[in-house]
$ cat my_file_17.cif   # mmCIF, C-alpha atoms
data_entry
loop_
_atom_site.group_PDB
_atom_site.id
_atom_site.type_symbol
_atom_site.label_atom_id
_atom_site.label_comp_id
_atom_site.auth_asym_id
_atom_site.auth_seq_id
_atom_site.Cartn_x
_atom_site.Cartn_y
_atom_site.Cartn_z
ATOM 1 C CA MET A 152 36.953 1.991 -83.465
ATOM 2 C CA PRO A 153 36.657 3.313 -87.044
ATOM 3 C CA ALA A 154 39.647 2.450 -89.264
ATOM 4 C CA GLN A 155 40.607 6.088 -89.874
ATOM 5 C CA HIS A 156 41.363 6.419 -86.158
ATOM 6 C CA HIS A 157 43.629 3.352 -85.869
ATOM 7 C CA VAL A 158 47.191 4.269 -84.802
ATOM 8 C CA ALA A 159 46.252 7.964 -84.582
ATOM 9 C CA ALA A 160 47.047 10.265 -81.698
ATOM 10 C CA GLY A 161 44.153 10.771 -79.344
ATOM 11 C CA VAL A 162 43.026 12.115 -76.017
ATOM 12 C CA ALA A 163 41.501 10.207 -73.125
ATOM 13 C CA LEU A 164 39.292 11.919 -70.589
ATOM 14 C CA VAL A 165 38.962 10.024 -67.325
ATOM 15 C CA LEU A 166 36.530 11.475 -64.798
ATOM 16 C CA ALA A 167 36.913 9.997 -61.342
ATOM 17 C CA GLY A 168 34.407 11.000 -58.718
ATOM 18 C CA PHE A 169 34.647 10.352 -55.009
ATOM 19 C CA GLY A 170 31.669 12.290 -53.767
ATOM 20 C CA ASP A 171 27.989 12.538 -54.529
ATOM 21 C CA PRO A 172 26.983 10.261 -57.441
ATOM 22 C CA GLY A 173 24.535 12.899 -58.688
ATOM 23 C CA GLU A 174 27.284 15.522 -58.941
ATOM 24 C CA HIS A 175 29.493 13.035 -60.775
ATOM 25 C CA ALA A 176 26.697 12.224 -63.227
ATOM 26 C CA ALA A 177 26.261 15.948 -63.921
ATOM 27 C CA ALA A 178 30.000 16.310 -64.600
ATOM 28 C CA VAL A 179 29.936 13.343 -66.992
ATOM 29 C CA LYS A 180 26.929 14.811 -68.810
ATOM 30 C CA ALA A 181 28.602 18.240 -69.091
ATOM 31 C CA ALA A 182 31.795 16.702 -70.502
ATOM 32 C CA ALA A 183 29.841 14.645 -73.026
ATOM 33 C CA GLU A 184 27.981 17.742 -74.210
ATOM 34 C CA ARG A 185 31.246 19.653 -74.793
ATOM 35 C CA THR A 186 33.131 16.946 -76.681
ATOM 36 C CA ALA A 187 32.594 14.579 -79.576
ATOM 37 C CA PRO A 188 33.967 11.278 -78.246
ATOM 38 C CA LEU A 189 34.677 8.386 -80.598
ATOM 39 C CA PHE A 190 33.408 6.113 -77.844
ATOM 40 C CA ALA A 191 32.542 6.363 -74.180
ATOM 41 C CA THR A 192 32.020 4.024 -71.286
ATOM 42 C CA GLU A 193 30.728 4.775 -67.836
ATOM 43 C CA ALA A 194 30.831 2.386 -64.889
ATOM 44 C CA PRO A 195 31.748 2.265 -61.199
ATOM 45 C CA LEU A 196 35.347 1.147 -60.772
ATOM 46 C CA PRO A 197 37.518 0.638 -57.692
ATOM 47 C CA TYR A 198 40.297 3.242 -57.530
ATOM 48 C CA VAL A 199 43.072 0.630 -57.711
ATOM 49 C CA ALA A 200 41.506 -0.805 -60.879
ATOM 50 C CA LEU A 201 41.503 2.705 -62.376
ATOM 51 C CA GLN A 202 45.211 3.080 -61.606
ATOM 52 C CA GLN A 203 45.987 -0.331 -63.116
ATOM 53 C CA MET A 204 43.985 0.507 -66.242
ATOM 54 C CA LEU A 205 46.226 3.524 -66.878
ATOM 55 C CA ASP A 206 49.540 1.783 -66.040
ATOM 56 C CA ALA A 207 50.006 0.163 -69.457
ATOM 57 C CA ALA A 208 50.129 3.570 -71.165
ATOM 58 C CA ALA A 209 53.033 4.707 -68.990
ATOM 59 C CA LEU A 210 55.630 2.017 -69.658
ATOM 60 C CA HIS A 211 59.244 2.872 -68.912
ATOM 61 C CA GLY A 212 60.842 4.522 -71.950
ATOM 62 C CA ASN A 213 57.620 5.837 -73.481
ATOM 63 C CA LEU A 214 57.525 9.528 -74.258
ATOM 64 C CA LEU A 215 54.218 10.862 -73.039
ATOM 65 C CA HIS A 216 52.578 13.849 -71.463
ATOM 66 C CA VAL A 217 50.109 13.518 -68.624
ATOM 67 C CA ASN A 218 48.110 16.446 -67.362
ATOM 68 C CA ALA A 219 45.864 15.987 -64.370
ATOM 69 C CA ASN A 220 43.665 18.606 -62.790
ATOM 70 C CA ILE A 221 41.319 18.626 -59.865
ATOM 71 C CA ALA A 222 38.248 20.691 -60.697
ATOM 72 C CA PRO A 223 35.943 22.034 -58.025
ATOM 73 C CA ALA A 224 32.454 20.573 -58.005
#

$ encode --input "my_file_17.cif" --output "structure tokens"
Amino acid sequence: MPAQHHVAAGVALVLAGFGDPGEHAAAVKAAAERTAPLFATEAPLPYVALQQMLDAAALHGNLLHVNANIAPA
């Protein structure tokens, strides 16, 4: 990550798809076209692993805001 972004506030976009892989790929492409991510990664991941990946950001005592939406395909 570039030095100017170290310790800066940021936004994470996590797209989880449980249906047709083609529809998920289209959603990922649309999101990438509308944003300017510093970095991106895309890979199949078991749901439990996804939950565990996000656990560290929600430690007890941290002040944070989480907004989750379910968008129609």

$ residues_near_point --input "my_file_17.cif" --point "(42.7, 10.0, -75.4)" --cutoff "12 Å" --atoms "all atoms listed in the file" --output "PDB file with C-alpha atoms, in the coordinates of the input"
ATOM      1  CA  HIS A 156      41.363   6.419 -86.158  1.00  0.00           C
ATOM      2  CA  VAL A 158      47.191   4.269 -84.802  1.00  0.00           C
ATOM      3  CA  ALA A 159      46.252   7.964 -84.582  1.00  0.00           C
ATOM      4  CA  ALA A 160      47.047  10.265 -81.698  1.00  0.00           C
ATOM      5  CA  GLY A 161      44.153  10.771 -79.344  1.00  0.00           C
ATOM      6  CA  VAL A 162      43.026  12.115 -76.017  1.00  0.00           C
ATOM      7  CA  ALA A 163      41.501  10.207 -73.125  1.00  0.00           C
ATOM      8  CA  LEU A 164      39.292  11.919 -70.589  1.00  0.00           C
ATOM      9  CA  VAL A 165      38.962  10.024 -67.325  1.00  0.00           C
ATOM     10  CA  THR A 186      33.131  16.946 -76.681  1.00  0.00           C
ATOM     11  CA  ALA A 187      32.594  14.579 -79.576  1.00  0.00           C
ATOM     12  CA  PRO A 188      33.967  11.278 -78.246  1.00  0.00           C
ATOM     13  CA  LEU A 189      34.677   8.386 -80.598  1.00  0.00           C
ATOM     14  CA  PHE A 190      33.408   6.113 -77.844  1.00  0.00           C
ATOM     15  CA  ALA A 191      32.542   6.363 -74.180  1.00  0.00           C
ATOM     16  CA  LEU A 205      46.226   3.524 -66.878  1.00  0.00           C
ATOM     17  CA  ALA A 208      50.129   3.570 -71.165  1.00  0.00           C
ATOM     18  CA  LEU A 215      54.218  10.862 -73.039  1.00  0.00           C
ATOM     19  CA  HIS A 216      52.578  13.849 -71.463  1.00  0.00           C
ATOM     20  CA  VAL A 217      50.109  13.518 -68.624  1.00  0.00           C
ATOM     21  CA  ASN A 218      48.110  16.446 -67.362  1.00  0.00           C
TER      22      ASN A 218
END

$ atom_distance --input "my_file_17.cif" --atom1 "CA of Val199 (chain A)" --atom2 "CA of His211 (chain A)"
19.8 Å

$ closest_residue --input "my_file_17.cif" --among "A:Ile221, A:Leu166, A:Met152, A:Leu214" --to "Ala181 (chain A)" --atoms "all atoms listed in the file"
A:Leu166

$ atom_distance --input "my_file_17.cif" --atom1 "CA of Leu210 (chain A)" --atom2 "CA of Ala182 (chain A)"
28.0 Å

$ atom_distance --input "my_file_17.cif" --atom1 "CA of Tyr198 (chain A)" --atom2 "CA of Ala183 (chain A)"
21.9 Å

$ axis_aligned_box --input "my_file_17.cif" --around "region 181-200 of chain A" --padding-each-side "5 Å" --output "lines of an AutoDock Vina configuration file"
center_x = 35.5
center_y = 9.4
center_z = -69.1
size_x = 25.1
size_y = 30.5
size_z = 33.1

$ residues_around --input "my_file_17.cif" --residues "Pro197 (chain A)" --least-positions-apart "4" --cutoff "12 Å" --atoms "only C-alpha atoms" --output "compact mmCIF listing (two decimals) with C-alpha atoms, keeping the file's coordinate frame"
# COMPACT_ATOMS: atom_id res chain seq x y z
CA ALA A 167 36.91 10.00 -61.34
CA GLY A 168 34.41 11.00 -58.72
CA PHE A 169 34.65 10.35 -55.01
CA LEU A 201 41.50 2.70 -62.38
CA GLN A 202 45.21 3.08 -61.61
CA GLN A 203 45.99 -0.33 -63.12
CA MET A 204 43.98 0.51 -66.24

$ closest_residue --input "my_file_17.cif" --among "A:Ala154, A:Ala209, A:Ala176, A:Ala219" --to "Pro195 (chain A)" --atoms "only C-alpha atoms"
A:Ala176

$ build_atoms --input "my_file_17.cif" --residues "region 190-220 of chain A" --atoms "N, CA and C atoms" --output "PDB file, in the frame of the given file"
ATOM      1  N   PHE A 190      34.146   7.096 -78.624  1.00  0.00           N
ATOM      2  CA  PHE A 190      33.408   6.113 -77.844  1.00  0.00           C
ATOM      3  C   PHE A 190      33.473   6.533 -76.388  1.00  0.00           C
ATOM      4  N   ALA A 191      32.587   6.024 -75.604  1.00  0.00           N
ATOM      5  CA  ALA A 191      32.542   6.363 -74.180  1.00  0.00           C
ATOM      6  C   ALA A 191      32.054   5.149 -73.406  1.00  0.00           C
ATOM      7  N   THR A 192      32.516   5.051 -72.201  1.00  0.00           N
ATOM      8  CA  THR A 192      32.020   4.024 -71.286  1.00  0.00           C
ATOM      9  C   THR A 192      31.910   4.657 -69.910  1.00  0.00           C
ATOM     10  N   GLU A 193      30.970   4.197 -69.151  1.00  0.00           N
ATOM     11  CA  GLU A 193      30.728   4.775 -67.836  1.00  0.00           C
ATOM     12  C   GLU A 193      30.337   3.641 -66.898  1.00  0.00           C
ATOM     13  N   ALA A 194      31.114   3.470 -65.825  1.00  0.00           N
ATOM     14  CA  ALA A 194      30.831   2.386 -64.889  1.00  0.00           C
ATOM     15  C   ALA A 194      31.569   2.644 -63.577  1.00  0.00           C
ATOM     16  N   PRO A 195      31.009   2.198 -62.464  1.00  0.00           N
ATOM     17  CA  PRO A 195      31.748   2.265 -61.199  1.00  0.00           C
ATOM     18  C   PRO A 195      32.997   1.397 -61.295  1.00  0.00           C
ATOM     19  N   LEU A 196      34.076   1.859 -60.686  1.00  0.00           N
ATOM     20  CA  LEU A 196      35.347   1.147 -60.772  1.00  0.00           C
ATOM     21  C   LEU A 196      36.139   1.418 -59.502  1.00  0.00           C
ATOM     22  N   PRO A 197      36.665   0.390 -58.852  1.00  0.00           N
ATOM     23  CA  PRO A 197      37.518   0.638 -57.692  1.00  0.00           C
ATOM     24  C   PRO A 197      38.740   1.470 -58.098  1.00  0.00           C
ATOM     25  N   TYR A 198      39.198   2.334 -57.208  1.00  0.00           N
ATOM     26  CA  TYR A 198      40.297   3.242 -57.530  1.00  0.00           C
ATOM     27  C   TYR A 198      41.545   2.497 -57.987  1.00  0.00           C
ATOM     28  N   VAL A 199      41.887   1.398 -57.332  1.00  0.00           N
ATOM     29  CA  VAL A 199      43.072   0.630 -57.711  1.00  0.00           C
ATOM     30  C   VAL A 199      42.928   0.094 -59.134  1.00  0.00           C
ATOM     31  N   ALA A 200      41.738  -0.333 -59.512  1.00  0.00           N
ATOM     32  CA  ALA A 200      41.506  -0.805 -60.879  1.00  0.00           C
ATOM     33  C   ALA A 200      41.698   0.333 -61.875  1.00  0.00           C
ATOM     34  N   LEU A 201      41.285   1.546 -61.515  1.00  0.00           N
ATOM     35  CA  LEU A 201      41.503   2.705 -62.376  1.00  0.00           C
ATOM     36  C   LEU A 201      42.995   2.945 -62.571  1.00  0.00           C
ATOM     37  N   GLN A 202      43.762   2.897 -61.505  1.00  0.00           N
ATOM     38  CA  GLN A 202      45.211   3.080 -61.606  1.00  0.00           C
ATOM     39  C   GLN A 202      45.826   2.017 -62.505  1.00  0.00           C
ATOM     40  N   GLN A 203      45.438   0.759 -62.320  1.00  0.00           N
ATOM     41  CA  GLN A 203      45.987  -0.331 -63.116  1.00  0.00           C
ATOM     42  C   GLN A 203      45.606  -0.188 -64.591  1.00  0.00           C
ATOM     43  N   MET A 204      44.425   0.329 -64.874  1.00  0.00           N
ATOM     44  CA  MET A 204      43.985   0.507 -66.242  1.00  0.00           C
ATOM     45  C   MET A 204      44.890   1.507 -66.972  1.00  0.00           C
ATOM     46  N   LEU A 205      45.391   2.496 -66.267  1.00  0.00           N
ATOM     47  CA  LEU A 205      46.226   3.524 -66.878  1.00  0.00           C
ATOM     48  C   LEU A 205      47.711   3.173 -66.882  1.00  0.00           C
ATOM     49  N   ASP A 206      48.125   2.155 -66.133  1.00  0.00           N
ATOM     50  CA  ASP A 206      49.540   1.783 -66.040  1.00  0.00           C
ATOM     51  C   ASP A 206      50.159   1.395 -67.376  1.00  0.00           C
ATOM     52  N   ALA A 207      49.446   0.664 -68.205  1.00  0.00           N
ATOM     53  CA  ALA A 207      50.006   0.163 -69.457  1.00  0.00           C
ATOM     54  C   ALA A 207      50.420   1.289 -70.402  1.00  0.00           C
ATOM     55  N   ALA A 208      49.792   2.442 -70.294  1.00  0.00           N
ATOM     56  CA  ALA A 208      50.129   3.570 -71.165  1.00  0.00           C
ATOM     57  C   ALA A 208      51.392   4.287 -70.713  1.00  0.00           C
ATOM     58  N   ALA A 209      51.883   3.990 -69.537  1.00  0.00           N
ATOM     59  CA  ALA A 209      53.033   4.707 -68.990  1.00  0.00           C
ATOM     60  C   ALA A 209      54.229   3.777 -68.780  1.00  0.00           C
ATOM     61  N   LEU A 210      54.495   2.927 -69.762  1.00  0.00           N
ATOM     62  CA  LEU A 210      55.630   2.017 -69.658  1.00  0.00           C
ATOM     63  C   LEU A 210      56.943   2.784 -69.650  1.00  0.00           C
ATOM     64  N   HIS A 211      57.932   2.244 -68.981  1.00  0.00           N
ATOM     65  CA  HIS A 211      59.244   2.872 -68.912  1.00  0.00           C
ATOM     66  C   HIS A 211      59.795   3.047 -70.331  1.00  0.00           C
ATOM     67  N   GLY A 212      60.272   4.244 -70.641  1.00  0.00           N
ATOM     68  CA  GLY A 212      60.842   4.522 -71.950  1.00  0.00           C
ATOM     69  C   GLY A 212      59.880   5.177 -72.915  1.00  0.00           C
ATOM     70  N   ASN A 213      58.592   5.169 -72.613  1.00  0.00           N
ATOM     71  CA  ASN A 213      57.620   5.837 -73.481  1.00  0.00           C
ATOM     72  C   ASN A 213      57.685   7.345 -73.272  1.00  0.00           C
ATOM     73  N   LEU A 214      57.613   8.077 -74.357  1.00  0.00           N
ATOM     74  CA  LEU A 214      57.525   9.528 -74.258  1.00  0.00           C
ATOM     75  C   LEU A 214      56.052   9.892 -74.223  1.00  0.00           C
ATOM     76  N   LEU A 215      55.622  10.516 -73.160  1.00  0.00           N
ATOM     77  CA  LEU A 215      54.218  10.862 -73.039  1.00  0.00           C
ATOM     78  C   LEU A 215      54.062  12.100 -72.171  1.00  0.00           C
ATOM     79  N   HIS A 216      52.909  12.687 -72.277  1.00  0.00           N
ATOM     80  CA  HIS A 216      52.578  13.849 -71.463  1.00  0.00           C
ATOM     81  C   HIS A 216      51.272  13.541 -70.715  1.00  0.00           C
ATOM     82  N   VAL A 217      51.301  13.732 -69.440  1.00  0.00           N
ATOM     83  CA  VAL A 217      50.109  13.518 -68.624  1.00  0.00           C
ATOM     84  C   VAL A 217      49.799  14.827 -67.929  1.00  0.00           C
ATOM     85  N   ASN A 218      48.550  15.239 -68.028  1.00  0.00           N
ATOM     86  CA  ASN A 218      48.110  16.446 -67.362  1.00  0.00           C
ATOM     87  C   ASN A 218      46.895  16.082 -66.529  1.00  0.00           C
ATOM     88  N   ALA A 219      46.976  16.298 -65.257  1.00  0.00           N
ATOM     89  CA  ALA A 219      45.864  15.987 -64.370  1.00  0.00           C
ATOM     90  C   ALA A 219      45.463  17.247 -63.613  1.00  0.00           C
ATOM     91  N   ASN A 220      44.191  17.447 -63.511  1.00  0.00           N
ATOM     92  CA  ASN A 220      43.665  18.606 -62.790  1.00  0.00           C
ATOM     93  C   ASN A 220      42.553  18.152 -61.860  1.00  0.00           C
TER      94      ASN A 220
END
